[in-house]
file start_33.txt (compact mmCIF, N, CA and C atoms)
# COMPACT_ATOMS: atom_id res chain seq x y z
N MET A 1466 37.71 -43.35 -27.54
CA MET A 1466 38.29 -43.24 -26.21
C MET A 1466 38.53 -44.63 -25.62
N VAL A 1467 37.54 -45.50 -25.83
CA VAL A 1467 37.67 -46.87 -25.30
C VAL A 1467 38.81 -47.59 -25.98
N ARG A 1468 38.90 -47.44 -27.28
CA ARG A 1468 39.98 -48.12 -28.02
C ARG A 1468 41.35 -47.55 -27.63
N LEU A 1469 41.43 -46.25 -27.44
CA LEU A 1469 42.69 -45.64 -27.03
C LEU A 1469 43.09 -46.12 -25.64
N SER A 1470 42.10 -46.24 -24.75
CA SER A 1470 42.36 -46.75 -23.41
C SER A 1470 42.84 -48.20 -23.47
N ASP A 1471 42.20 -48.98 -24.35
CA ASP A 1471 42.58 -50.39 -24.50
C ASP A 1471 43.99 -50.52 -25.07
N SER A 1472 44.40 -49.53 -25.87
CA SER A 1472 45.74 -49.59 -26.46
C SER A 1472 46.83 -49.15 -25.48
N GLY A 1473 46.43 -48.71 -24.28
CA GLY A 1473 47.42 -48.41 -23.26
C GLY A 1473 47.55 -46.95 -22.87
N LEU A 1474 46.83 -46.07 -23.53
CA LEU A 1474 46.91 -44.65 -23.16
C LEU A 1474 46.11 -44.42 -21.88
N ASN A 1475 46.59 -43.50 -21.05
CA ASN A 1475 45.86 -43.19 -19.83
C ASN A 1475 44.87 -42.05 -20.11
N VAL A 1476 44.02 -41.76 -19.12
CA VAL A 1476 42.95 -40.77 -19.30
C VAL A 1476 43.49 -39.39 -19.67
N PRO A 1477 44.49 -38.84 -18.97
CA PRO A 1477 45.00 -37.52 -19.38
C PRO A 1477 45.54 -37.50 -20.81
N GLN A 1478 46.18 -38.57 -21.23
CA GLN A 1478 46.70 -38.64 -22.60
C GLN A 1478 45.56 -38.65 -23.62
N ILE A 1479 44.52 -39.42 -23.34
CA ILE A 1479 43.38 -39.48 -24.26
C ILE A 1479 42.69 -38.12 -24.33
N GLY A 1480 42.52 -37.49 -23.18
CA GLY A 1480 41.90 -36.16 -23.15
C GLY A 1480 42.69 -35.15 -23.96
N ALA A 1481 44.01 -35.17 -23.82
CA ALA A 1481 44.87 -34.23 -24.55
C ALA A 1481 44.83 -34.54 -26.05
N LEU A 1482 44.84 -35.80 -26.39
CA LEU A 1482 44.83 -36.21 -27.80
C LEU A 1482 43.53 -35.81 -28.49
N LEU A 1483 42.40 -35.98 -27.81
CA LEU A 1483 41.09 -35.69 -28.40
C LEU A 1483 40.57 -34.29 -28.06
N ASP A 1484 41.34 -33.56 -27.27
CA ASP A 1484 40.97 -32.20 -26.86
C ASP A 1484 39.62 -32.18 -26.13
N VAL A 1485 39.49 -33.08 -25.17
CA VAL A 1485 38.31 -33.13 -24.30
C VAL A 1485 38.78 -33.19 -22.86
N HIS A 1486 37.89 -32.87 -21.95
CA HIS A 1486 38.22 -32.88 -20.54
C HIS A 1486 38.38 -34.32 -20.04
N GLU A 1487 39.25 -34.49 -19.06
CA GLU A 1487 39.50 -35.83 -18.51
C GLU A 1487 38.23 -36.46 -17.94
N GLN A 1488 37.36 -35.64 -17.36
CA GLN A 1488 36.11 -36.18 -16.81
C GLN A 1488 35.24 -36.78 -17.90
N THR A 1489 35.28 -36.18 -19.08
CA THR A 1489 34.51 -36.70 -20.21
C THR A 1489 35.05 -38.07 -20.61
N VAL A 1490 36.36 -38.18 -20.67
CA VAL A 1490 36.98 -39.46 -21.01
C VAL A 1490 36.59 -40.51 -19.97
N ARG A 1491 36.70 -40.17 -18.71
CA ARG A 1491 36.36 -41.12 -17.64
C ARG A 1491 34.90 -41.55 -17.73
N ARG A 1492 34.00 -40.60 -18.04
CA ARG A 1492 32.57 -40.92 -18.12
C ARG A 1492 32.29 -41.92 -19.23
N TRP A 1493 32.90 -41.72 -20.42
CA TRP A 1493 32.67 -42.63 -21.53
C TRP A 1493 33.27 -44.00 -21.27
N ILE A 1494 34.45 -44.03 -20.69
CA ILE A 1494 35.07 -45.33 -20.39
C ILE A 1494 34.25 -46.07 -19.34
N LYS A 1495 33.80 -45.35 -18.32
CA LYS A 1495 32.97 -45.98 -17.29
C LYS A 1495 31.66 -46.48 -17.88
N SER A 1496 31.06 -45.71 -18.78
CA SER A 1496 29.83 -46.15 -19.44
C SER A 1496 30.06 -47.44 -20.21
N PHE A 1497 31.17 -47.51 -20.91
CA PHE A 1497 31.49 -48.73 -21.65
C PHE A 1497 31.68 -49.92 -20.71
N LEU A 1498 32.41 -49.69 -19.62
CA LEU A 1498 32.68 -50.79 -18.70
C LEU A 1498 31.40 -51.31 -18.02
N THR A 1499 30.44 -50.42 -17.79
CA THR A 1499 29.21 -50.85 -17.12
C THR A 1499 28.13 -51.31 -18.09
N GLY A 1500 28.09 -50.78 -19.31
CA GLY A 1500 27.00 -51.12 -20.23
C GLY A 1500 27.41 -51.60 -21.59
N GLY A 1501 28.69 -51.71 -21.86
CA GLY A 1501 29.14 -52.19 -23.17
C GLY A 1501 28.94 -51.15 -24.25
N PHE A 1502 28.95 -51.65 -25.50
CA PHE A 1502 28.86 -50.74 -26.64
C PHE A 1502 27.51 -50.02 -26.70
N ASP A 1503 26.45 -50.65 -26.19
CA ASP A 1503 25.12 -50.01 -26.21
C ASP A 1503 25.11 -48.73 -25.37
N ALA A 1504 25.94 -48.67 -24.34
CA ALA A 1504 25.98 -47.50 -23.46
C ALA A 1504 26.72 -46.33 -24.09
N LEU A 1505 27.36 -46.54 -25.24
CA LEU A 1505 28.17 -45.48 -25.85
C LEU A 1505 27.39 -44.62 -26.84
N GLN A 1506 26.11 -44.86 -27.01
CA GLN A 1506 25.33 -44.02 -27.90
C GLN A 1506 25.13 -42.66 -27.25
N SER A 1507 25.26 -41.63 -28.04
CA SER A 1507 25.13 -40.27 -27.52
C SER A 1507 23.71 -40.04 -27.02
N GLN A 1508 23.61 -39.45 -25.84
CA GLN A 1508 22.33 -39.10 -25.25
C GLN A 1508 22.28 -37.59 -25.11
N PRO A 1509 21.11 -37.01 -25.35
CA PRO A 1509 21.01 -35.56 -25.13
C PRO A 1509 21.32 -35.23 -23.68
N SER A 1510 22.04 -34.13 -23.46
CA SER A 1510 22.46 -33.80 -22.10
C SER A 1510 21.54 -32.81 -21.41
N GLY A 1511 20.67 -32.18 -22.13
CA GLY A 1511 19.77 -31.23 -21.48
C GLY A 1511 19.11 -30.33 -22.47
N GLY A 1512 18.30 -29.42 -21.98
CA GLY A 1512 17.63 -28.46 -22.83
C GLY A 1512 16.53 -29.09 -23.66
N VAL A 1513 16.24 -28.48 -24.79
CA VAL A 1513 15.15 -28.92 -25.64
C VAL A 1513 15.40 -30.32 -26.18
N LEU A 1514 16.64 -30.66 -26.47
CA LEU A 1514 16.94 -31.98 -27.02
C LEU A 1514 16.59 -33.10 -26.06
N ALA A 1515 16.65 -32.84 -24.78
CA ALA A 1515 16.34 -33.86 -23.80
C ALA A 1515 14.85 -33.89 -23.48
N GLY A 1516 14.06 -33.08 -24.16
CA GLY A 1516 12.63 -33.08 -23.93
C GLY A 1516 12.20 -32.17 -22.80
N LYS A 1517 13.10 -31.35 -22.30
CA LYS A 1517 12.73 -30.42 -21.23
C LYS A 1517 11.85 -29.33 -21.80
N VAL A 1518 10.80 -29.02 -21.07
CA VAL A 1518 9.90 -27.95 -21.47
C VAL A 1518 10.05 -26.84 -20.44
N SER A 1519 10.12 -25.63 -20.92
CA SER A 1519 10.28 -24.50 -20.03
C SER A 1519 9.08 -24.35 -19.12
N ALA A 1520 9.34 -23.93 -17.88
CA ALA A 1520 8.25 -23.66 -16.94
C ALA A 1520 7.54 -22.37 -17.31
N PHE A 1521 8.16 -21.56 -18.14
CA PHE A 1521 7.59 -20.29 -18.58
C PHE A 1521 6.79 -20.56 -19.85
N THR A 1522 5.51 -20.82 -19.70
CA THR A 1522 4.65 -21.26 -20.80
C THR A 1522 4.24 -20.11 -21.71
N PRO A 1523 3.78 -20.42 -22.91
CA PRO A 1523 3.29 -19.36 -23.80
C PRO A 1523 2.15 -18.55 -23.19
N GLU A 1524 1.33 -19.19 -22.35
CA GLU A 1524 0.24 -18.47 -21.69
C GLU A 1524 0.80 -17.42 -20.73
N MET A 1525 1.87 -17.76 -20.04
CA MET A 1525 2.50 -16.82 -19.12
C MET A 1525 3.10 -15.65 -19.89
N ILE A 1526 3.73 -15.96 -21.01
CA ILE A 1526 4.33 -14.91 -21.84
C ILE A 1526 3.23 -13.97 -22.34
N ALA A 1527 2.10 -14.54 -22.79
CA ALA A 1527 0.99 -13.72 -23.29
C ALA A 1527 0.43 -12.83 -22.18
N ALA A 1528 0.29 -13.38 -20.97
CA ALA A 1528 -0.24 -12.60 -19.85
C ALA A 1528 0.73 -11.48 -19.48
N LEU A 1529 2.02 -11.78 -19.46
CA LEU A 1529 3.02 -10.77 -19.13
C LEU A 1529 3.06 -9.70 -20.22
N ARG A 1530 2.94 -10.13 -21.48
CA ARG A 1530 2.91 -9.17 -22.59
C ARG A 1530 1.74 -8.21 -22.40
N GLN A 1531 0.58 -8.74 -22.07
CA GLN A 1531 -0.61 -7.91 -21.86
C GLN A 1531 -0.40 -6.93 -20.70
N GLU A 1532 0.21 -7.42 -19.64
CA GLU A 1532 0.46 -6.58 -18.46
C GLU A 1532 1.42 -5.43 -18.81
N ILE A 1533 2.46 -5.74 -19.58
CA ILE A 1533 3.44 -4.72 -19.96
C ILE A 1533 2.81 -3.70 -20.91
N GLU A 1534 2.00 -4.18 -21.86
CA GLU A 1534 1.42 -3.29 -22.86
C GLU A 1534 0.37 -2.36 -22.28
N GLN A 1535 -0.17 -2.67 -21.10
CA GLN A 1535 -1.11 -1.76 -20.46
C GLN A 1535 -0.44 -0.43 -20.13
N GLY A 1536 0.88 -0.48 -19.90
CA GLY A 1536 1.65 0.74 -19.68
C GLY A 1536 1.36 1.44 -18.37
N LYS A 1537 0.80 0.75 -17.41
CA LYS A 1537 0.48 1.39 -16.13
C LYS A 1537 1.72 1.61 -15.28
N ARG A 1538 2.80 0.91 -15.59
CA ARG A 1538 4.01 1.04 -14.80
C ARG A 1538 5.22 0.65 -15.63
N THR A 1539 6.38 0.93 -15.11
CA THR A 1539 7.60 0.47 -15.75
C THR A 1539 7.99 -0.85 -15.12
N TRP A 1540 8.74 -1.66 -15.84
CA TRP A 1540 9.08 -3.00 -15.39
C TRP A 1540 10.59 -3.21 -15.41
N SER A 1541 11.06 -3.98 -14.48
CA SER A 1541 12.43 -4.48 -14.51
C SER A 1541 12.31 -6.01 -14.51
N ALA A 1542 13.37 -6.68 -14.86
CA ALA A 1542 13.34 -8.15 -14.89
C ALA A 1542 13.00 -8.75 -13.52
N PRO A 1543 13.57 -8.24 -12.40
CA PRO A 1543 13.17 -8.79 -11.10
C PRO A 1543 11.69 -8.58 -10.79
N GLN A 1544 11.14 -7.44 -11.22
CA GLN A 1544 9.72 -7.18 -10.99
C GLN A 1544 8.87 -8.14 -11.81
N MET A 1545 9.30 -8.43 -13.04
CA MET A 1545 8.56 -9.38 -13.87
C MET A 1545 8.62 -10.77 -13.26
N ALA A 1546 9.79 -11.16 -12.74
CA ALA A 1546 9.92 -12.48 -12.10
C ALA A 1546 9.00 -12.57 -10.89
N ASP A 1547 8.91 -11.51 -10.10
CA ASP A 1547 8.00 -11.49 -8.95
C ASP A 1547 6.55 -11.60 -9.40
N TRP A 1548 6.19 -10.87 -10.47
CA TRP A 1548 4.82 -10.89 -10.97
C TRP A 1548 4.44 -12.29 -11.44
N VAL A 1549 5.34 -12.95 -12.18
CA VAL A 1549 5.07 -14.31 -12.65
C VAL A 1549 4.91 -15.25 -11.47
N ASP A 1550 5.75 -15.09 -10.45
CA ASP A 1550 5.67 -15.93 -9.26
C ASP A 1550 4.33 -15.72 -8.54
N GLU A 1551 3.93 -14.46 -8.37
CA GLU A 1551 2.67 -14.16 -7.67
C GLU A 1551 1.45 -14.62 -8.47
N THR A 1552 1.50 -14.44 -9.78
CA THR A 1552 0.35 -14.72 -10.63
C THR A 1552 0.21 -16.21 -10.96
N PHE A 1553 1.33 -16.86 -11.26
CA PHE A 1553 1.28 -18.25 -11.72
C PHE A 1553 1.92 -19.25 -10.76
N GLY A 1554 2.61 -18.76 -9.74
CA GLY A 1554 3.26 -19.66 -8.80
C GLY A 1554 4.49 -20.34 -9.35
N VAL A 1555 5.09 -19.73 -10.37
CA VAL A 1555 6.31 -20.28 -10.98
C VAL A 1555 7.44 -19.29 -10.73
N ARG A 1556 8.48 -19.74 -10.05
CA ARG A 1556 9.61 -18.85 -9.74
C ARG A 1556 10.72 -19.07 -10.73
N LEU A 1557 11.01 -18.04 -11.51
CA LEU A 1557 12.14 -18.05 -12.44
C LEU A 1557 13.05 -16.90 -12.07
N SER A 1558 14.32 -17.04 -12.37
CA SER A 1558 15.26 -15.97 -12.07
C SER A 1558 15.00 -14.79 -13.00
N PRO A 1559 15.35 -13.59 -12.55
CA PRO A 1559 15.21 -12.43 -13.43
C PRO A 1559 15.97 -12.58 -14.74
N ALA A 1560 17.13 -13.22 -14.69
CA ALA A 1560 17.90 -13.42 -15.92
C ALA A 1560 17.14 -14.32 -16.89
N ARG A 1561 16.51 -15.36 -16.36
CA ARG A 1561 15.74 -16.29 -17.19
C ARG A 1561 14.52 -15.59 -17.79
N ILE A 1562 13.86 -14.76 -16.98
CA ILE A 1562 12.71 -14.00 -17.48
C ILE A 1562 13.17 -13.08 -18.61
N GLY A 1563 14.30 -12.39 -18.40
CA GLY A 1563 14.84 -11.51 -19.43
C GLY A 1563 15.15 -12.26 -20.71
N TYR A 1564 15.70 -13.47 -20.58
CA TYR A 1564 16.01 -14.31 -21.74
C TYR A 1564 14.72 -14.62 -22.51
N HIS A 1565 13.69 -15.06 -21.79
CA HIS A 1565 12.43 -15.41 -22.43
C HIS A 1565 11.76 -14.18 -23.05
N MET A 1566 11.87 -13.04 -22.40
CA MET A 1566 11.27 -11.82 -22.92
C MET A 1566 11.94 -11.43 -24.24
N LYS A 1567 13.25 -11.50 -24.27
CA LYS A 1567 13.98 -11.15 -25.48
C LYS A 1567 13.64 -12.14 -26.60
N ARG A 1568 13.57 -13.41 -26.24
CA ARG A 1568 13.26 -14.47 -27.21
C ARG A 1568 11.85 -14.29 -27.78
N ALA A 1569 10.92 -13.81 -26.97
CA ALA A 1569 9.55 -13.58 -27.42
C ALA A 1569 9.39 -12.24 -28.14
N GLY A 1570 10.47 -11.47 -28.22
CA GLY A 1570 10.42 -10.18 -28.89
C GLY A 1570 9.76 -9.09 -28.07
N LEU A 1571 9.71 -9.30 -26.75
CA LEU A 1571 9.10 -8.31 -25.87
C LEU A 1571 10.16 -7.37 -25.32
N VAL A 1572 9.83 -6.11 -25.30
CA VAL A 1572 10.72 -5.11 -24.74
C VAL A 1572 10.04 -4.53 -23.52
N TYR A 1573 10.75 -4.46 -22.45
CA TYR A 1573 10.17 -3.87 -21.25
C TYR A 1573 10.95 -2.62 -20.92
N LYS A 1574 10.30 -1.74 -20.18
CA LYS A 1574 10.91 -0.46 -19.85
C LYS A 1574 11.73 -0.59 -18.59
N ARG A 1575 12.86 0.04 -18.59
CA ARG A 1575 13.66 0.11 -17.37
C ARG A 1575 13.06 1.18 -16.46
N THR A 1576 13.20 0.97 -15.20
CA THR A 1576 12.69 1.94 -14.24
C THR A 1576 13.50 3.22 -14.35
N ASN A 1577 12.80 4.36 -14.42
CA ASN A 1577 13.48 5.65 -14.49
C ASN A 1577 14.14 5.96 -13.16
N ARG A 1578 15.21 6.70 -13.21
CA ARG A 1578 15.93 7.05 -12.00
C ARG A 1578 15.39 8.34 -11.38
N THR A 1579 14.47 9.00 -12.03
CA THR A 1579 13.88 10.22 -11.49
C THR A 1579 12.36 10.09 -11.47
N LEU A 1580 11.74 11.01 -10.77
CA LEU A 1580 10.28 11.05 -10.74
C LEU A 1580 9.76 12.23 -11.56
N LYS A 1581 10.62 12.82 -12.37
CA LYS A 1581 10.26 14.01 -13.13
C LYS A 1581 9.03 13.76 -14.01
N HIS A 1582 8.92 12.56 -14.55
CA HIS A 1582 7.79 12.25 -15.43
C HIS A 1582 6.45 12.18 -14.68
N LYS A 1583 6.49 12.13 -13.35
CA LYS A 1583 5.27 12.05 -12.56
C LYS A 1583 4.91 13.39 -11.92
N GLN A 1584 5.70 14.42 -12.17
CA GLN A 1584 5.44 15.72 -11.56
C GLN A 1584 4.38 16.49 -12.33
N LYS A 1585 3.61 17.30 -11.59
CA LYS A 1585 2.60 18.16 -12.21
C LYS A 1585 3.22 19.55 -12.38
N ALA A 1586 3.15 20.07 -13.60
CA ALA A 1586 3.82 21.32 -13.93
C ALA A 1586 3.36 22.49 -13.06
N GLU A 1587 2.07 22.55 -12.76
CA GLU A 1587 1.55 23.67 -11.96
C GLU A 1587 2.13 23.64 -10.54
N GLU A 1588 2.17 22.44 -9.97
CA GLU A 1588 2.69 22.31 -8.61
C GLU A 1588 4.18 22.63 -8.56
N VAL A 1589 4.91 22.22 -9.58
CA VAL A 1589 6.35 22.48 -9.63
C VAL A 1589 6.61 23.98 -9.69
N SER A 1590 5.87 24.70 -10.55
CA SER A 1590 6.10 26.15 -10.66
C SER A 1590 5.70 26.87 -9.37
N ALA A 1591 4.63 26.41 -8.71
CA ALA A 1591 4.22 27.02 -7.44
C ALA A 1591 5.29 26.80 -6.37
N LYS A 1592 5.83 25.61 -6.31
CA LYS A 1592 6.87 25.30 -5.32
C LYS A 1592 8.15 26.07 -5.60
N ARG A 1593 8.47 26.25 -6.89
CA ARG A 1593 9.67 27.03 -7.23
C ARG A 1593 9.50 28.48 -6.82
N ALA A 1594 8.29 29.02 -7.01
CA ALA A 1594 8.03 30.41 -6.60
C ALA A 1594 8.14 30.54 -5.09
N THR A 1595 7.62 29.56 -4.35
CA THR A 1595 7.73 29.58 -2.89
C THR A 1595 9.18 29.50 -2.46
N LEU A 1596 9.94 28.65 -3.11
CA LEU A 1596 11.36 28.51 -2.79
C LEU A 1596 12.11 29.80 -3.07
N ALA A 1597 11.79 30.46 -4.17
CA ALA A 1597 12.44 31.73 -4.50
C ALA A 1597 12.14 32.77 -3.43
N LEU A 1598 10.91 32.81 -2.93
CA LEU A 1598 10.54 33.74 -1.86
C LEU A 1598 11.32 33.43 -0.59
N LEU A 1599 11.44 32.16 -0.28
CA LEU A 1599 12.16 31.78 0.92
C LEU A 1599 13.64 32.10 0.84
N LYS A 1600 14.20 32.06 -0.36
CA LYS A 1600 15.61 32.36 -0.55
C LYS A 1600 15.86 33.87 -0.61
N GLY A 1601 14.78 34.65 -0.60
CA GLY A 1601 14.94 36.10 -0.64
C GLY A 1601 14.90 36.67 -2.02
N GLY A 1602 14.24 36.00 -2.91
CA GLY A 1602 14.12 36.45 -4.28
C GLY A 1602 13.06 37.51 -4.40
N PRO A 1603 12.59 37.78 -5.62
CA PRO A 1603 11.55 38.79 -5.82
C PRO A 1603 10.29 38.45 -5.04
N LYS A 1604 9.72 39.46 -4.43
CA LYS A 1604 8.53 39.28 -3.60
C LYS A 1604 7.28 39.45 -4.45
N ALA A 1605 6.27 38.65 -4.13
CA ALA A 1605 4.99 38.76 -4.84
C ALA A 1605 4.20 39.91 -4.25
N ASP A 1606 3.33 40.56 -5.04
CA ASP A 1606 2.53 41.70 -4.56
C ASP A 1606 1.40 41.25 -3.69
call {"tool": "encode", "arguments": {"input": "start_33.txt", "output": "structure tokens"}}
result
Amino acid sequence: MVRLSDSGLNVPQIGALLDVHEQTVRRWIKSFLTGGFDALQSQPSGGVLAGKVSAFTPEMIAALRQEIEQGKRTWSAPQMADWVDETFGVRLSPARIGYHMKRAGLVYKRTNRTLKHKQKAEEVSAKRATLALLKGGPKAD
């Protein structure tokens, strides 16, 4: 990019020729102008290559895994994010929690849209019989 600029091409031409964004061309040329050839070495831009460590630690994943496996409730990603925030004081987005859960091989249950699984069969049949009486159905002796 620097050599193309030195040969007389402008930033849009260099970007089109190398199939990169004009901002990328400007950044590299500016780096060269301020730091010379030493400034042109590729630097990691983020993520694991830049040494970033996730705030969602293996200990947090293990604790969340244990909480999910207890099976006392169903979980959604926002609920897991809230739980991690309350338990560890680390706020991650539900999407990020879902990413980490999938990466760790954890499957969580989606919240059911009905309460049918929490109903007691005896109470349901008694209520249905009462409803039938109220609607004018068969009368009990």
call {"tool": "atom_distance", "arguments": {"input": "start_33.txt", "atom1": "atom C of A:Ala1546", "atom2": "atom CA of A:Pro1559"}}
result
6.7 Å
call {"tool": "select_by_dssp", "arguments": {"input": "start_33.txt", "residues": "stretch 1547-1596 of chain A", "states": "helix (DSSP H, G or I)", "output": "number ranges by chain"}}
result
A: 1547-1553, 1559-1568, 1581-1583, 1586-1596
call {"tool": "atom_distance", "arguments": {"input": "start_33.txt", "atom1": "atom CA of A:Leu1482", "atom2": "atom N of A:Phe1497"}}
result
19.0 Å
call {"tool": "atom_distance", "arguments": {"input": "start_33.txt", "atom1": "atom N of A:Arg1593", "atom2": "atom CA of A:Arg1538"}}
result
26.8 Å
call {"tool": "residues_around", "arguments": {"input": "start_33.txt", "residues": "A:Leu1557", "least_positions_apart": "4", "cutoff": "8 Å", "atoms": "all atoms listed in the file", "output": "count of residues only"}}
result
10
call {"tool": "closest_residue", "arguments": {"input": "start_33.txt", "among": "A:Ser1519, A:Ile1526, A:Gly1473, A:Trp1548", "to": "A:Met1566", "atoms": "all atoms listed in the file"}}
result
A:Ile1526
call {"tool": "axis_aligned_box", "arguments": {"input": "start_33.txt", "around": "stretch 1485-1488 of chain A", "padding_each_side": "4 Å", "output": "AutoDock Vina command-line options"}}
result
--center_x 37.4 --center_y -34.8 --center_z -21.0 --size_x 12.3 --size_y 11.9 --size_z 16.4
call {"tool": "closest_residue", "arguments": {"input": "start_33.txt", "among": "A:Ala1528, A:Leu1571, A:Ala1591, A:Val1490", "to": "A:Met1466", "atoms": "only N, CA and C atoms"}}
result
A:Val1490
call {"tool": "residues_around", "arguments": {"input": "start_33.txt", "residues": "A:Gly1480", "least_positions_apart": "6", "cutoff": "8 Å", "atoms": "all atoms listed in the file", "output": "PyMOL selection string"}}
result
chain A and resi 1466+1474+1486-1491
call {"tool": "residues_around", "arguments": {"input": "start_33.txt", "residues": "A:Ala1504", "least_positions_apart": "3", "cutoff": "12 Å", "atoms": "only C-alpha atoms", "output": "ChimeraX atom specification"}}
result
/A:1467,1492-1501,1507-1508
